[in-house]
>>> print(open('query09.cif').read())   # mmCIF, N, CA and C atoms
data_work
loop_
_atom_site.label_atom_id
_atom_site.label_comp_id
_atom_site.auth_asym_id
_atom_site.auth_seq_id
_atom_site.Cartn_x
_atom_site.Cartn_y
_atom_site.Cartn_z
N MET A 22 98.42 132.11 48.44
CA MET A 22 99.47 131.43 49.17
C MET A 22 99.99 130.29 48.30
N SER A 23 101.29 130.19 48.25
CA SER A 23 101.89 129.14 47.42
C SER A 23 101.69 127.78 48.05
N ARG A 24 101.75 126.78 47.23
CA ARG A 24 101.60 125.40 47.72
C ARG A 24 102.69 125.04 48.72
N GLN A 25 103.91 125.47 48.47
CA GLN A 25 105.03 125.17 49.37
C GLN A 25 104.80 125.83 50.74
N ARG A 26 104.34 127.06 50.73
CA ARG A 26 104.09 127.76 51.99
C ARG A 26 102.94 127.09 52.76
N PHE A 27 101.91 126.68 52.03
CA PHE A 27 100.78 125.99 52.65
C PHE A 27 101.23 124.69 53.30
N LEU A 28 102.05 123.91 52.61
CA LEU A 28 102.54 122.64 53.16
C LEU A 28 103.43 122.87 54.38
N CYS A 29 104.21 123.92 54.37
CA CYS A 29 105.04 124.24 55.54
C CYS A 29 104.17 124.60 56.74
N LEU A 30 103.13 125.41 56.53
CA LEU A 30 102.22 125.76 57.61
C LEU A 30 101.48 124.53 58.13
N LEU A 31 101.05 123.67 57.23
CA LEU A 31 100.38 122.44 57.63
C LEU A 31 101.31 121.55 58.46
N ALA A 32 102.55 121.42 58.02
CA ALA A 32 103.52 120.61 58.76
C ALA A 32 103.78 121.20 60.15
N LEU A 33 103.84 122.53 60.23
CA LEU A 33 104.06 123.19 61.51
C LEU A 33 102.88 122.96 62.45
N LEU A 34 101.67 123.07 61.93
CA LEU A 34 100.48 122.81 62.74
C LEU A 34 100.45 121.37 63.25
N CYS A 35 100.79 120.44 62.39
CA CYS A 35 100.83 119.03 62.80
C CYS A 35 101.88 118.81 63.89
N LEU A 36 103.02 119.42 63.73
CA LEU A 36 104.09 119.30 64.72
C LEU A 36 103.65 119.84 66.07
N LEU A 37 103.01 121.00 66.07
CA LEU A 37 102.51 121.58 67.32
C LEU A 37 101.45 120.70 67.96
N LEU A 38 100.54 120.19 67.15
CA LEU A 38 99.48 119.33 67.66
C LEU A 38 100.06 118.07 68.28
N PHE A 39 100.94 117.39 67.59
CA PHE A 39 101.48 116.14 68.09
C PHE A 39 102.43 116.34 69.26
N SER A 40 103.13 117.47 69.33
CA SER A 40 104.02 117.69 70.47
C SER A 40 103.20 117.92 71.74
N SER A 41 102.05 118.59 71.65
CA SER A 41 101.22 118.77 72.85
C SER A 41 100.56 117.46 73.25
N ILE A 42 100.18 116.64 72.30
CA ILE A 42 99.60 115.33 72.61
C ILE A 42 100.65 114.42 73.23
N ALA A 43 101.86 114.47 72.74
CA ALA A 43 102.92 113.61 73.25
C ALA A 43 103.30 113.98 74.68
N HIS A 44 103.17 115.25 75.03
CA HIS A 44 103.53 115.68 76.38
C HIS A 44 102.54 115.14 77.42
N ALA A 45 101.27 115.15 77.11
CA ALA A 45 100.26 114.65 78.04
C ALA A 45 100.14 113.15 77.87
N LYS A 46 100.36 112.43 78.95
CA LYS A 46 100.24 110.97 78.86
C LYS A 46 99.57 110.43 80.10
N GLU A 47 98.96 109.31 79.93
CA GLU A 47 98.31 108.63 81.05
C GLU A 47 99.36 107.80 81.77
N VAL A 48 99.38 107.88 83.08
CA VAL A 48 100.30 107.09 83.89
C VAL A 48 99.49 106.25 84.87
N LEU A 49 100.03 105.11 85.23
CA LEU A 49 99.40 104.22 86.19
C LEU A 49 99.82 104.64 87.59
N VAL A 50 98.82 104.85 88.46
CA VAL A 50 99.06 105.28 89.84
C VAL A 50 98.51 104.21 90.78
N PHE A 51 99.26 103.93 91.84
CA PHE A 51 98.83 103.00 92.89
C PHE A 51 98.52 103.83 94.13
N LEU A 52 97.32 103.66 94.67
CA LEU A 52 96.92 104.39 95.86
C LEU A 52 96.51 103.40 96.94
N ARG A 53 97.22 103.44 98.08
CA ARG A 53 96.94 102.53 99.19
C ARG A 53 96.20 103.27 100.29
N ASN A 54 95.19 102.62 100.83
CA ASN A 54 94.45 103.14 101.98
C ASN A 54 95.09 102.57 103.24
N ASN A 55 95.76 103.42 103.99
CA ASN A 55 96.37 103.02 105.25
C ASN A 55 95.88 103.96 106.37
N ALA A 56 94.63 104.45 106.21
CA ALA A 56 94.09 105.47 107.11
C ALA A 56 93.37 104.89 108.32
N GLY A 57 93.22 103.57 108.37
CA GLY A 57 92.58 102.96 109.53
C GLY A 57 91.09 102.75 109.39
N SER A 58 90.50 103.13 108.27
CA SER A 58 89.07 102.98 108.05
C SER A 58 88.81 102.73 106.56
N THR A 59 87.66 102.16 106.24
CA THR A 59 87.31 101.90 104.86
C THR A 59 87.03 103.21 104.12
N MET A 60 87.68 103.37 102.97
CA MET A 60 87.44 104.54 102.14
C MET A 60 86.14 104.30 101.36
N THR A 61 85.24 105.27 101.42
CA THR A 61 83.95 105.12 100.74
C THR A 61 83.86 105.97 99.47
N TYR A 62 84.62 107.05 99.41
CA TYR A 62 84.64 107.92 98.22
C TYR A 62 86.06 108.41 97.99
N LEU A 63 86.42 108.53 96.72
CA LEU A 63 87.71 109.09 96.34
C LEU A 63 87.50 109.99 95.13
N TYR A 64 87.69 111.29 95.36
CA TYR A 64 87.50 112.27 94.31
C TYR A 64 88.85 112.82 93.90
N ILE A 65 89.06 112.94 92.60
CA ILE A 65 90.29 113.53 92.08
C ILE A 65 89.90 114.58 91.06
N SER A 66 90.38 115.81 91.29
CA SER A 66 90.07 116.91 90.38
C SER A 66 91.35 117.66 90.03
N GLU A 67 91.36 118.22 88.86
CA GLU A 67 92.51 119.02 88.45
C GLU A 67 92.66 120.20 89.42
N THR A 68 93.88 120.47 89.85
CA THR A 68 94.15 121.57 90.77
C THR A 68 93.59 122.87 90.18
N GLY A 69 92.93 123.62 91.04
CA GLY A 69 92.36 124.90 90.62
C GLY A 69 90.88 124.84 90.28
N LYS A 70 90.31 123.65 90.18
CA LYS A 70 88.88 123.52 89.92
C LYS A 70 88.11 123.87 91.19
N ASN A 71 86.89 124.36 91.02
CA ASN A 71 86.08 124.76 92.17
C ASN A 71 85.20 123.66 92.72
N SER A 72 85.21 122.49 92.09
CA SER A 72 84.37 121.39 92.58
C SER A 72 85.11 120.08 92.36
N TRP A 73 84.68 119.06 93.09
CA TRP A 73 85.28 117.74 92.95
C TRP A 73 84.64 117.02 91.78
N GLU A 74 85.45 116.24 91.06
CA GLU A 74 84.95 115.43 89.95
C GLU A 74 84.24 114.20 90.52
N GLU A 75 83.92 113.25 89.65
CA GLU A 75 83.23 112.03 90.08
C GLU A 75 84.05 111.20 91.06
N ASP A 76 83.36 110.42 91.85
CA ASP A 76 83.99 109.45 92.74
C ASP A 76 84.61 108.36 91.88
N ILE A 77 85.94 108.21 91.93
CA ILE A 77 86.56 107.20 91.06
C ILE A 77 86.40 105.78 91.58
N LEU A 78 85.99 105.60 92.82
CA LEU A 78 85.73 104.25 93.32
C LEU A 78 84.39 103.72 92.80
N GLY A 79 83.53 104.62 92.38
CA GLY A 79 82.15 104.27 92.03
C GLY A 79 82.00 103.51 90.73
N PRO A 80 80.75 103.23 90.36
CA PRO A 80 80.43 102.36 89.22
C PRO A 80 80.85 102.92 87.86
N ASP A 81 81.02 104.24 87.75
CA ASP A 81 81.40 104.80 86.46
C ASP A 81 82.90 104.78 86.21
N MET A 82 83.68 104.46 87.23
CA MET A 82 85.14 104.46 87.06
C MET A 82 85.71 103.09 87.41
N LEU A 83 86.17 102.90 88.65
CA LEU A 83 86.81 101.65 89.05
C LEU A 83 85.81 100.56 89.41
N ASN A 84 84.61 100.95 89.81
CA ASN A 84 83.55 100.03 90.18
C ASN A 84 83.94 99.09 91.32
N ILE A 85 84.68 99.63 92.31
CA ILE A 85 85.00 98.81 93.48
C ILE A 85 84.23 99.28 94.71
N ARG A 86 83.57 100.42 94.60
CA ARG A 86 82.67 101.00 95.62
C ARG A 86 83.38 101.44 96.89
N THR A 87 84.20 100.59 97.51
CA THR A 87 84.94 100.97 98.71
C THR A 87 86.37 100.44 98.60
N LEU A 88 87.24 101.03 99.42
CA LEU A 88 88.62 100.57 99.48
C LEU A 88 88.94 100.33 100.95
N GLU A 89 89.02 99.06 101.31
CA GLU A 89 89.26 98.67 102.70
C GLU A 89 90.63 99.13 103.17
N ASN A 90 90.76 99.34 104.46
CA ASN A 90 92.05 99.69 105.04
C ASN A 90 93.08 98.61 104.71
N GLY A 91 94.25 99.02 104.29
CA GLY A 91 95.32 98.09 103.95
C GLY A 91 95.33 97.68 102.49
N TYR A 92 94.29 97.99 101.74
CA TYR A 92 94.21 97.62 100.32
C TYR A 92 94.57 98.81 99.44
N TYR A 93 94.80 98.52 98.16
CA TYR A 93 95.13 99.59 97.22
C TYR A 93 94.28 99.46 95.98
N CYS A 94 94.20 100.55 95.25
CA CYS A 94 93.57 100.55 93.93
C CYS A 94 94.58 101.14 92.95
N GLU A 95 94.36 100.92 91.70
CA GLU A 95 95.20 101.52 90.68
C GLU A 95 94.31 102.18 89.64
N PHE A 96 94.80 103.28 89.12
CA PHE A 96 94.05 104.01 88.10
C PHE A 96 95.04 104.74 87.21
N THR A 97 94.59 105.11 86.04
CA THR A 97 95.42 105.90 85.14
C THR A 97 94.93 107.34 85.17
N ILE A 98 95.88 108.25 85.01
CA ILE A 98 95.56 109.67 85.06
C ILE A 98 96.55 110.45 84.21
N ASP A 99 96.12 111.55 83.69
CA ASP A 99 96.96 112.45 82.89
C ASP A 99 98.03 113.05 83.80
N ASP A 100 99.29 112.91 83.42
CA ASP A 100 100.36 113.42 84.27
C ASP A 100 100.84 114.81 83.88
N SER A 101 100.14 115.47 82.95
CA SER A 101 100.61 116.79 82.50
C SER A 101 100.11 117.94 83.38
N VAL A 102 99.23 117.65 84.32
CA VAL A 102 98.73 118.68 85.24
C VAL A 102 98.81 118.14 86.67
N LYS A 103 98.61 119.01 87.64
CA LYS A 103 98.57 118.58 89.04
C LYS A 103 97.13 118.35 89.45
N TRP A 104 96.96 117.51 90.47
CA TRP A 104 95.63 117.06 90.87
C TRP A 104 95.42 117.25 92.36
N ASP A 105 94.16 117.47 92.75
CA ASP A 105 93.75 117.50 94.15
C ASP A 105 92.97 116.22 94.43
N LEU A 106 93.03 115.77 95.66
CA LEU A 106 92.42 114.49 96.02
C LEU A 106 91.62 114.64 97.30
N ARG A 107 90.43 114.07 97.32
CA ARG A 107 89.59 114.08 98.53
C ARG A 107 89.14 112.65 98.80
N ALA A 108 89.47 112.15 99.99
CA ALA A 108 89.07 110.80 100.39
C ALA A 108 88.10 110.91 101.56
N GLU A 109 86.99 110.18 101.48
CA GLU A 109 86.01 110.13 102.56
C GLU A 109 85.96 108.70 103.09
N PHE A 110 85.85 108.57 104.41
CA PHE A 110 85.94 107.27 105.05
C PHE A 110 84.67 106.92 105.81
N ARG A 111 84.46 105.64 106.00
CA ARG A 111 83.27 105.14 106.69
C ARG A 111 83.14 105.70 108.10
N ASN A 112 84.26 105.95 108.77
CA ASN A 112 84.21 106.47 110.14
C ASN A 112 83.92 107.97 110.20
N GLY A 113 83.70 108.61 109.03
CA GLY A 113 83.38 110.03 108.99
C GLY A 113 84.56 110.94 108.70
N ASP A 114 85.77 110.40 108.74
CA ASP A 114 86.94 111.23 108.44
C ASP A 114 86.94 111.64 106.96
N VAL A 115 87.49 112.81 106.71
CA VAL A 115 87.69 113.32 105.35
C VAL A 115 89.11 113.84 105.27
N GLN A 116 89.81 113.45 104.22
CA GLN A 116 91.16 113.94 104.00
C GLN A 116 91.22 114.59 102.63
N GLU A 117 91.83 115.77 102.56
CA GLU A 117 92.03 116.45 101.29
C GLU A 117 93.51 116.74 101.10
N TYR A 118 93.98 116.52 99.90
CA TYR A 118 95.38 116.76 99.54
C TYR A 118 95.39 117.55 98.25
N TYR A 119 96.36 118.43 98.14
CA TYR A 119 96.40 119.33 97.00
C TYR A 119 97.72 119.26 96.27
N ASP A 120 97.66 119.52 94.97
CA ASP A 120 98.84 119.63 94.10
C ASP A 120 99.64 118.33 93.97
N PHE A 121 98.96 117.21 93.83
CA PHE A 121 99.67 115.96 93.57
C PHE A 121 100.28 116.01 92.18
N ASP A 122 101.52 115.60 92.09
CA ASP A 122 102.24 115.57 90.82
C ASP A 122 102.43 114.10 90.42
N PHE A 123 101.49 113.58 89.62
CA PHE A 123 101.55 112.17 89.23
C PHE A 123 102.63 111.89 88.21
N ALA A 124 103.22 112.92 87.62
CA ALA A 124 104.37 112.70 86.75
C ALA A 124 105.58 112.30 87.59
N ARG A 125 105.62 112.77 88.82
CA ARG A 125 106.75 112.51 89.71
C ARG A 125 106.51 111.33 90.65
N TYR A 126 105.30 111.22 91.19
CA TYR A 126 104.98 110.18 92.17
C TYR A 126 103.92 109.25 91.61
N LYS A 127 104.19 107.95 91.64
CA LYS A 127 103.26 106.95 91.10
C LYS A 127 102.62 106.09 92.19
N LYS A 128 103.16 106.18 93.42
CA LYS A 128 102.62 105.40 94.54
C LYS A 128 102.28 106.35 95.68
N ILE A 129 101.03 106.28 96.13
CA ILE A 129 100.56 107.16 97.19
C ILE A 129 99.95 106.30 98.29
N THR A 130 100.30 106.58 99.52
CA THR A 130 99.69 105.92 100.66
C THR A 130 99.01 106.99 101.50
N LEU A 131 97.70 106.82 101.68
CA LEU A 131 96.95 107.71 102.54
C LEU A 131 96.99 107.14 103.95
N ASN A 132 97.63 107.85 104.85
CA ASN A 132 97.73 107.45 106.25
C ASN A 132 96.64 108.16 107.05
N ARG A 133 96.61 107.93 108.32
CA ARG A 133 95.56 108.52 109.17
C ARG A 133 95.59 110.05 109.11
N ASN A 134 96.77 110.67 109.10
CA ASN A 134 96.85 112.13 109.15
C ASN A 134 97.62 112.76 108.00
N ASP A 135 98.18 111.95 107.13
CA ASP A 135 98.96 112.52 106.03
C ASP A 135 99.04 111.54 104.88
N ALA A 136 99.82 111.87 103.90
CA ALA A 136 100.03 110.99 102.75
C ALA A 136 101.52 110.87 102.48
N SER A 137 101.95 109.70 102.08
CA SER A 137 103.34 109.53 101.67
C SER A 137 103.34 109.17 100.18
N MET A 138 104.39 109.62 99.50
CA MET A 138 104.46 109.44 98.04
C MET A 138 105.81 108.87 97.65
N GLU A 139 105.78 108.03 96.65
CA GLU A 139 107.01 107.47 96.07
C GLU A 139 106.97 107.69 94.59
#
>>> encode(input="query09.cif", output="structure tokens")
Amino acid sequence: MSRQRFLCLLALLCLLLFSSIAHAKEVLVFLRNNAGSTMTYLYISETGKNSWEEDILGPDMLNIRTLENGYYCEFTIDDSVKWDLRAEFRNGDVQEYYDFDFARYKKITLNRNDASME
């Protein structure tokens, strides 16, 4: 293989690598608990996964442990895929939401029976 051809292939590989990296970016998301009870767990997993990822309120992520009614938390997340969300509350309620598009919506309010997005 000639040196010129090798350099062209290398440049093409670099372009492909950097274009895929540039597409995926971390975005800041605001999530408000307006469900009427203290949120004790918040799991966010990539859509299509068969299990929930770690609790993001816990010590390994946000380290706030709970999210009181009326309060919000903020976190960063990859906006190149869609996400599912599971919130568990002190009163025993559980809410699950699917296919969140964080590239489109950056503010989420979890209400008693649904979620609103901006």
>>> resolve_selection(input="query09.cif", expression="the PyMOL selection byres (((chain A and resi 59-62 and name CA) around 12) and name CA)", output="ChimeraX atom specification")
/A:52-58,63-65,73-80,82-94,106-117,131-133
>>> residues_near_point(input="query09.cif", point="(99.6, 106.5, 93.9)", cutoff="5 Å", atoms="only N, CA and C atoms", output="list in words")
Val50, Phe51, Leu52, Lys127, Lys128 and Ile129 of chain A
>>> closest_residue(input="query09.cif", among="A:Lys103, A:Ser137, A:Ile98, A:Ser66", to="Asp120 (chain A)", atoms="all atoms listed in the file")
A:Lys103
>>> atom_distance(input="query09.cif", atom1="atom C of Tyr118 (chain A)", atom2="CA of Leu49 (chain A)")
18.4 Å
>>> atom_distance(input="query09.cif", atom1="atom N of Arg125 (chain A)", atom2="atom C of Gly69 (chain A)")
19.1 Å
>>> atom_distance(input="query09.cif", atom1="CA of Ala136 (chain A)", atom2="CA of Asp122 (chain A)")
13.0 Å
>>> build_atoms(input="query09.cif", residues="region 49-69 of chain A", atoms="N, CA, C and O atoms", output="PDB file, keeping the file's coordinate frame")
ATOM      1  N   LEU A  49     100.030 105.110  85.230  1.00  0.00           N
ATOM      2  CA  LEU A  49      99.400 104.220  86.190  1.00  0.00           C
ATOM      3  C   LEU A  49      99.820 104.640  87.590  1.00  0.00           C
ATOM      4  O   LEU A  49     101.005 104.771  87.883  1.00  0.00           O
ATOM      5  N   VAL A  50      98.820 104.850  88.460  1.00  0.00           N
ATOM      6  CA  VAL A  50      99.060 105.280  89.840  1.00  0.00           C
ATOM      7  C   VAL A  50      98.510 104.210  90.780  1.00  0.00           C
ATOM      8  O   VAL A  50      97.436 103.670  90.551  1.00  0.00           O
ATOM      9  N   PHE A  51      99.260 103.930  91.840  1.00  0.00           N
ATOM     10  CA  PHE A  51      98.830 103.000  92.890  1.00  0.00           C
ATOM     11  C   PHE A  51      98.520 103.830  94.130  1.00  0.00           C
ATOM     12  O   PHE A  51      99.359 104.588  94.590  1.00  0.00           O
ATOM     13  N   LEU A  52      97.320 103.660  94.670  1.00  0.00           N
ATOM     14  CA  LEU A  52      96.920 104.390  95.860  1.00  0.00           C
ATOM     15  C   LEU A  52      96.510 103.400  96.940  1.00  0.00           C
ATOM     16  O   LEU A  52      95.620 102.589  96.730  1.00  0.00           O
ATOM     17  N   ARG A  53      97.220 103.440  98.080  1.00  0.00           N
ATOM     18  CA  ARG A  53      96.940 102.530  99.190  1.00  0.00           C
ATOM     19  C   ARG A  53      96.200 103.270 100.290  1.00  0.00           C
ATOM     20  O   ARG A  53      96.552 104.386 100.657  1.00  0.00           O
ATOM     21  N   ASN A  54      95.190 102.620 100.830  1.00  0.00           N
ATOM     22  CA  ASN A  54      94.450 103.140 101.980  1.00  0.00           C
ATOM     23  C   ASN A  54      95.090 102.570 103.240  1.00  0.00           C
ATOM     24  O   ASN A  54      94.964 101.393 103.526  1.00  0.00           O
ATOM     25  N   ASN A  55      95.760 103.420 103.990  1.00  0.00           N
ATOM     26  CA  ASN A  55      96.370 103.020 105.250  1.00  0.00           C
ATOM     27  C   ASN A  55      95.880 103.960 106.370  1.00  0.00           C
ATOM     28  O   ASN A  55      96.602 104.252 107.301  1.00  0.00           O
ATOM     29  N   ALA A  56      94.630 104.450 106.210  1.00  0.00           N
ATOM     30  CA  ALA A  56      94.090 105.470 107.110  1.00  0.00           C
ATOM     31  C   ALA A  56      93.370 104.890 108.320  1.00  0.00           C
ATOM     32  O   ALA A  56      92.922 105.622 109.180  1.00  0.00           O
ATOM     33  N   GLY A  57      93.220 103.570 108.370  1.00  0.00           N
ATOM     34  CA  GLY A  57      92.580 102.960 109.530  1.00  0.00           C
ATOM     35  C   GLY A  57      91.090 102.750 109.390  1.00  0.00           C
ATOM     36  O   GLY A  57      90.448 102.255 110.309  1.00  0.00           O
ATOM     37  N   SER A  58      90.500 103.130 108.270  1.00  0.00           N
ATOM     38  CA  SER A  58      89.070 102.980 108.050  1.00  0.00           C
ATOM     39  C   SER A  58      88.810 102.730 106.560  1.00  0.00           C
ATOM     40  O   SER A  58      89.645 103.081 105.719  1.00  0.00           O
ATOM     41  N   THR A  59      87.660 102.160 106.240  1.00  0.00           N
ATOM     42  CA  THR A  59      87.310 101.900 104.860  1.00  0.00           C
ATOM     43  C   THR A  59      87.030 103.210 104.120  1.00  0.00           C
ATOM     44  O   THR A  59      86.281 104.055 104.598  1.00  0.00           O
ATOM     45  N   MET A  60      87.680 103.370 102.970  1.00  0.00           N
ATOM     46  CA  MET A  60      87.440 104.540 102.140  1.00  0.00           C
ATOM     47  C   MET A  60      86.140 104.300 101.360  1.00  0.00           C
ATOM     48  O   MET A  60      85.979 103.266 100.718  1.00  0.00           O
ATOM     49  N   THR A  61      85.240 105.270 101.420  1.00  0.00           N
ATOM     50  CA  THR A  61      83.950 105.120 100.740  1.00  0.00           C
ATOM     51  C   THR A  61      83.860 105.970  99.470  1.00  0.00           C
ATOM     52  O   THR A  61      83.082 105.650  98.574  1.00  0.00           O
ATOM     53  N   TYR A  62      84.620 107.050  99.410  1.00  0.00           N
ATOM     54  CA  TYR A  62      84.640 107.920  98.220  1.00  0.00           C
ATOM     55  C   TYR A  62      86.060 108.410  97.990  1.00  0.00           C
ATOM     56  O   TYR A  62      86.787 108.693  98.940  1.00  0.00           O
ATOM     57  N   LEU A  63      86.420 108.530  96.720  1.00  0.00           N
ATOM     58  CA  LEU A  63      87.710 109.090  96.340  1.00  0.00           C
ATOM     59  C   LEU A  63      87.500 109.990  95.130  1.00  0.00           C
ATOM     60  O   LEU A  63      87.154 109.532  94.051  1.00  0.00           O
ATOM     61  N   TYR A  64      87.690 111.290  95.360  1.00  0.00           N
ATOM     62  CA  TYR A  64      87.500 112.270  94.310  1.00  0.00           C
ATOM     63  C   TYR A  64      88.850 112.820  93.900  1.00  0.00           C
ATOM     64  O   TYR A  64      89.680 113.129  94.752  1.00  0.00           O
ATOM     65  N   ILE A  65      89.060 112.940  92.600  1.00  0.00           N
ATOM     66  CA  ILE A  65      90.290 113.530  92.080  1.00  0.00           C
ATOM     67  C   ILE A  65      89.900 114.580  91.060  1.00  0.00           C
ATOM     68  O   ILE A  65      89.166 114.293  90.120  1.00  0.00           O
ATOM     69  N   SER A  66      90.380 115.810  91.290  1.00  0.00           N
ATOM     70  CA  SER A  66      90.070 116.910  90.380  1.00  0.00           C
ATOM     71  C   SER A  66      91.350 117.660  90.030  1.00  0.00           C
ATOM     72  O   SER A  66      92.277 117.734  90.849  1.00  0.00           O
ATOM     73  N   GLU A  67      91.360 118.220  88.860  1.00  0.00           N
ATOM     74  CA  GLU A  67      92.510 119.020  88.450  1.00  0.00           C
ATOM     75  C   GLU A  67      92.660 120.200  89.420  1.00  0.00           C
ATOM     76  O   GLU A  67      91.673 120.825  89.809  1.00  0.00           O
ATOM     77  N   THR A  68      93.880 120.470  89.850  1.00  0.00           N
ATOM     78  CA  THR A  68      94.150 121.570  90.770  1.00  0.00           C
ATOM     79  C   THR A  68      93.590 122.870  90.180  1.00  0.00           C
ATOM     80  O   THR A  68      93.746 123.140  89.011  1.00  0.00           O
ATOM     81  N   GLY A  69      92.930 123.620  91.040  1.00  0.00           N
ATOM     82  CA  GLY A  69      92.360 124.900  90.620  1.00  0.00           C
ATOM     83  C   GLY A  69      90.880 124.840  90.280  1.00  0.00           C
ATOM     84  O   GLY A  69      90.243 125.871  90.129  1.00  0.00           O
TER      85      GLY A  69
END
